[in-house]
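To start, the structure under review is shown below, and the notes come after it.
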Amino acid sequence: MAGVTDTLVGQNTIVINGRSLTNLGYGTVVDISIPSALVEIESGKDGSAIYAMNQAGRQAEVRVRVLAGSPDDVYLNNINEGFKADFAGSVLINASFIKRTGDGQGNIITTTWVLSGGVPGTAPADKWDVNGNTEQALMEYS
(Lines give C-alpha, C1' and ligand atoms only; values in the text may rest on other atoms or scores of the structure.)
Protein backbone atom coordinates (compact mmCIF):
# COMPACT_ATOMS: atom_id res chain seq x y z
CA MET A 1 0.00 0.00 0.00
CA ALA A 2 1.51 3.30 -1.06
CA GLY A 3 1.93 5.94 1.59
CA VAL A 4 1.77 3.52 4.53
CA THR A 5 4.62 3.56 7.03
CA ASP A 6 5.21 0.68 9.39
CA THR A 7 7.37 1.14 12.49
CA LEU A 8 8.77 -1.66 14.60
CA VAL A 9 10.58 -0.80 17.83
CA GLY A 10 12.48 -2.90 20.33
CA GLN A 11 15.84 -4.11 21.54
CA ASN A 12 16.75 -0.68 22.88
CA THR A 13 19.89 -0.22 24.97
CA ILE A 14 20.44 1.92 28.06
CA VAL A 15 24.01 2.53 29.24
CA ILE A 16 24.89 4.63 32.29
CA ASN A 17 28.56 5.19 33.14
CA GLY A 18 29.48 2.22 30.97
CA ARG A 19 26.97 -0.17 32.57
CA SER A 20 24.17 -1.57 30.42
CA LEU A 21 20.93 -1.56 32.40
CA THR A 22 18.84 -4.71 32.00
CA ASN A 23 16.61 -4.83 35.09
CA LEU A 24 13.96 -2.52 33.70
CA GLY A 25 10.39 -2.09 34.85
CA TYR A 26 7.32 -2.07 32.62
CA GLY A 27 5.62 0.67 30.66
CA THR A 28 7.78 3.72 30.13
CA VAL A 29 11.23 2.71 31.40
CA VAL A 30 13.11 5.72 29.98
CA ASP A 31 11.73 9.22 29.58
CA ILE A 32 14.00 11.87 28.04
CA SER A 33 12.67 15.41 27.95
CA ILE A 34 14.20 18.78 27.18
CA PRO A 35 12.20 21.40 29.07
CA SER A 36 13.81 24.54 27.61
CA ALA A 37 13.71 25.84 24.05
CA LEU A 38 16.93 25.59 22.03
CA VAL A 39 16.38 29.00 20.44
CA GLU A 40 14.70 32.08 21.90
CA ILE A 41 13.05 34.61 19.59
CA GLU A 42 12.04 38.18 20.35
CA SER A 43 10.11 40.36 17.95
CA GLY A 44 11.31 43.89 17.48
CA LYS A 45 10.05 47.09 15.91
CA ASP A 46 8.49 46.80 12.45
CA GLY A 47 8.50 42.98 12.57
CA SER A 48 12.23 42.47 12.93
CA ALA A 49 13.24 39.37 14.87
CA ILE A 50 16.14 38.59 17.15
CA TYR A 51 17.23 34.96 17.49
CA ALA A 52 19.49 33.75 20.28
CA MET A 53 20.78 30.30 21.10
CA ASN A 54 19.56 29.22 24.55
CA GLN A 55 22.15 26.88 26.07
CA ALA A 56 19.58 25.63 28.59
CA GLY A 57 17.88 24.04 25.58
CA ARG A 58 20.74 21.54 25.48
CA GLN A 59 19.96 20.22 28.98
CA ALA A 60 17.90 17.07 29.26
CA GLU A 61 15.94 15.57 32.09
CA VAL A 62 15.98 11.78 32.16
CA ARG A 63 13.90 9.36 34.19
CA VAL A 64 14.77 5.66 34.33
CA ARG A 65 12.54 3.03 35.96
CA VAL A 66 14.21 -0.16 37.18
CA LEU A 67 13.08 -3.08 39.31
CA ALA A 68 13.39 -2.34 43.03
CA GLY A 69 16.15 -4.33 44.70
CA SER A 70 17.73 -5.35 41.39
CA PRO A 71 21.46 -4.95 40.68
CA ASP A 72 20.60 -1.91 38.50
CA ASP A 73 18.64 -0.35 41.38
CA VAL A 74 21.61 -0.87 43.71
CA TYR A 75 23.98 0.58 41.08
CA LEU A 76 21.88 3.73 40.49
CA ASN A 77 21.30 4.18 44.21
CA ASN A 78 25.07 4.00 44.80
CA ILE A 79 25.55 6.80 42.26
CA ASN A 80 23.01 8.95 44.13
CA GLU A 81 24.58 8.17 47.51
CA GLY A 82 28.05 8.95 46.15
CA PHE A 83 26.93 12.44 45.10
CA LYS A 84 25.44 13.03 48.54
CA ALA A 85 28.54 11.78 50.37
CA ASP A 86 31.10 13.84 48.42
CA PHE A 87 29.52 16.15 45.86
CA ALA A 88 32.74 17.96 44.93
CA GLY A 89 34.55 14.65 44.42
CA SER A 90 31.77 13.07 42.36
CA VAL A 91 32.22 11.90 38.79
CA LEU A 92 29.53 13.31 36.48
CA ILE A 93 27.17 10.81 34.86
CA ASN A 94 27.49 9.80 31.20
CA ALA A 95 24.65 7.96 29.52
CA SER A 96 23.57 6.74 26.13
CA PHE A 97 20.16 5.61 25.03
CA ILE A 98 20.07 3.67 21.78
CA LYS A 99 16.69 3.16 20.12
CA ARG A 100 16.30 0.74 17.20
CA THR A 101 13.45 1.35 14.77
CA GLY A 102 12.62 -0.98 11.89
CA ASP A 103 10.42 -0.35 8.84
CA GLY A 104 9.09 -3.90 8.44
CA GLN A 105 11.31 -4.40 5.37
CA GLY A 106 14.45 -5.30 7.30
CA ASN A 107 15.82 -1.75 7.41
CA ILE A 108 16.90 -0.40 10.80
CA ILE A 109 17.35 3.20 11.86
CA THR A 110 19.20 3.77 15.12
CA THR A 111 18.58 6.89 17.17
CA THR A 112 21.22 7.50 19.82
CA TRP A 113 21.06 10.00 22.63
CA VAL A 114 24.48 10.63 24.16
CA LEU A 115 24.29 12.66 27.34
CA SER A 116 27.17 13.82 29.51
CA GLY A 117 27.68 15.93 32.59
CA GLY A 118 24.73 14.41 34.41
CA VAL A 119 23.88 14.66 38.08
CA PRO A 120 21.14 13.00 40.11
CA GLY A 121 17.84 14.86 40.07
CA THR A 122 15.23 14.24 42.72
CA ALA A 123 15.85 11.29 45.01
CA PRO A 124 13.86 8.17 44.11
CA ALA A 125 10.59 7.86 45.98
CA ASP A 126 9.29 4.58 47.33
CA LYS A 127 5.84 3.09 47.68
CA TRP A 128 4.39 0.35 49.88
CA ASP A 129 0.92 -0.87 48.99
CA VAL A 130 -0.87 -3.82 50.61
CA ASN A 131 -3.47 -3.94 47.81
CA GLY A 132 -1.18 -5.42 45.16
CA ASN A 133 -0.10 -2.25 43.34
CA THR A 134 2.75 -3.33 41.00
CA GLU A 135 4.25 0.19 41.02
CA GLN A 136 5.80 -0.65 44.40
CA ALA A 137 8.20 -3.01 42.57
CA LEU A 138 9.79 -0.09 40.68
CA MET A 139 12.30 2.61 41.52
CA GLU A 140 12.50 5.75 39.37
CA TYR A 141 15.77 7.65 39.08
CA SER A 142 16.14 11.10 37.54
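Going through the C-alpha coordinates in order, the chains are called A, B, and so on, while each chain numbers its residues from 1 and the ligands are numbered from 1 in the order shown.
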- request: Considering only C-alpha atoms, return as a PyMOL selection string whatever protein or nucleic-acid residues lie within 8 Å of Pro120 (chain A), sequence-local ones (same chain, fewer than 6 positions apart) excluded.
  value: chain A and resi 79-80+83+141-142
- request: Run DSSP on the backbone and grab whatever in region 8-136 of chain A lands in strand (DSSP E or B); send it over as a PyMOL selection string.
  value: chain A and resi 8-9+13-16+19-20+24+30-33+39-43+49-53+61-67+93-102+108-118
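Using only C-alpha atoms, the smallest distance between any of A:Ile34, A:Val119, A:Leu92, A:Val15 and Gln59 (chain A) comes from A:Ile34.
Checking A:Ser90, A:Ala37, A:Ala60, A:Asp129 one by one against Asn78 (chain A), counting only C-alpha atoms, you find the shortest gap at A:Ser90.
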field: region 97-101 of chain A environment, 10 Å, only C-alpha atoms, sequence neighbours closer than 5 positions dropped, as a ChimeraX atom specification
entry: /A:6-16,20,30,32,107-115
query: Using only C-alpha atoms, which of the listed residues (A:Gly57, A:Pro71, A:Pro124, A:Gly18) sits closest to Ile93 (chain A)?
result: A:Gly18
field: Nearest to Leu38 (chain A) by atom-to-atom distance, counting only C-alpha atoms, from A:Ala52, A:Val64, A:Gly106, A:Asn94
entry: A:Ala52
field: Neighbour list for Met139 (chain A) as JSON, numbers by chain, cut-off 6 Å, only C-alpha atoms, skip fewer than 5 positions in-chain
entry: {"A": [65, 66, 68]}
For C-alpha atoms, I'd like the residues from the last selection saved as a short mmCIF file (atom, residue, chain, number, x, y, z; two decimals), in the first residue's frame.
```
data_model
loop_
_atom_site.label_atom_id
_atom_site.label_comp_id
_atom_site.auth_asym_id
_atom_site.auth_seq_id
_atom_site.Cartn_x
_atom_site.Cartn_y
_atom_site.Cartn_z
CA ARG A 65 12.54 3.03 35.96
CA VAL A 66 14.21 -0.16 37.18
CA ALA A 68 13.39 -2.34 43.03
#
```
message: Just list as a PyMOL selection string whatever in region 81-137 of chain A DSSP marks as alpha helix (DSSP H).
response: chain A and resi 81-85
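Using only C-alpha atoms, the shortest contact distance between Ala95 (chain A) and any of A:Leu138, A:Leu21, A:Leu67, A:Met53 is found at A:Leu21.
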Quick one: residues within 9 Å of Asp31 (chain A), only C-alpha atoms, excluding same-chain residues fewer than 2 positions away - as an mmCIF file with N, CA, C and O atoms, in the first residue's frame?
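To be explicit, this is the file written out as out.cif:
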```
data_model
loop_
_atom_site.group_PDB
_atom_site.id
_atom_site.type_symbol
_atom_site.label_atom_id
_atom_site.label_comp_id
_atom_site.auth_asym_id
_atom_site.auth_seq_id
_atom_site.Cartn_x
_atom_site.Cartn_y
_atom_site.Cartn_z
ATOM 1 N N THR A 28 6.711 2.795 30.500
ATOM 2 C CA THR A 28 7.780 3.723 30.130
ATOM 3 C C THR A 28 8.955 3.518 31.076
ATOM 4 O O THR A 28 8.861 3.837 32.255
ATOM 5 N N VAL A 29 10.059 2.967 30.552
ATOM 6 C CA VAL A 29 11.228 2.715 31.396
ATOM 7 C C VAL A 29 12.279 3.813 31.255
ATOM 8 O O VAL A 29 13.128 3.960 32.115
ATOM 9 N N SER A 33 13.355 14.177 28.334
ATOM 10 C CA SER A 33 12.671 15.410 27.953
ATOM 11 C C SER A 33 13.652 16.575 28.019
ATOM 12 O O SER A 33 14.617 16.545 28.775
ATOM 13 N N GLU A 61 16.359 16.238 30.860
ATOM 14 C CA GLU A 61 15.942 15.572 32.091
ATOM 15 C C GLU A 61 15.625 14.132 31.712
ATOM 16 O O GLU A 61 14.940 13.885 30.720
ATOM 17 N N VAL A 62 16.145 13.198 32.469
ATOM 18 C CA VAL A 62 15.976 11.781 32.162
ATOM 19 C C VAL A 62 15.397 11.082 33.386
ATOM 20 O O VAL A 62 15.831 11.322 34.512
ATOM 21 N N ARG A 63 14.440 10.219 33.143
ATOM 22 C CA ARG A 63 13.898 9.358 34.186
ATOM 23 C C ARG A 63 14.046 7.910 33.725
ATOM 24 O O ARG A 63 13.713 7.575 32.599
ATOM 25 N N VAL A 64 14.569 7.074 34.616
ATOM 26 C CA VAL A 64 14.767 5.661 34.327
ATOM 27 C C VAL A 64 14.073 4.856 35.417
ATOM 28 O O VAL A 64 14.270 5.122 36.606
ATOM 29 N N ARG A 65 13.257 3.882 35.005
ATOM 30 C CA ARG A 65 12.538 3.026 35.958
ATOM 31 C C ARG A 65 13.119 1.614 35.915
ATOM 32 O O ARG A 65 13.115 0.969 34.878
#
```
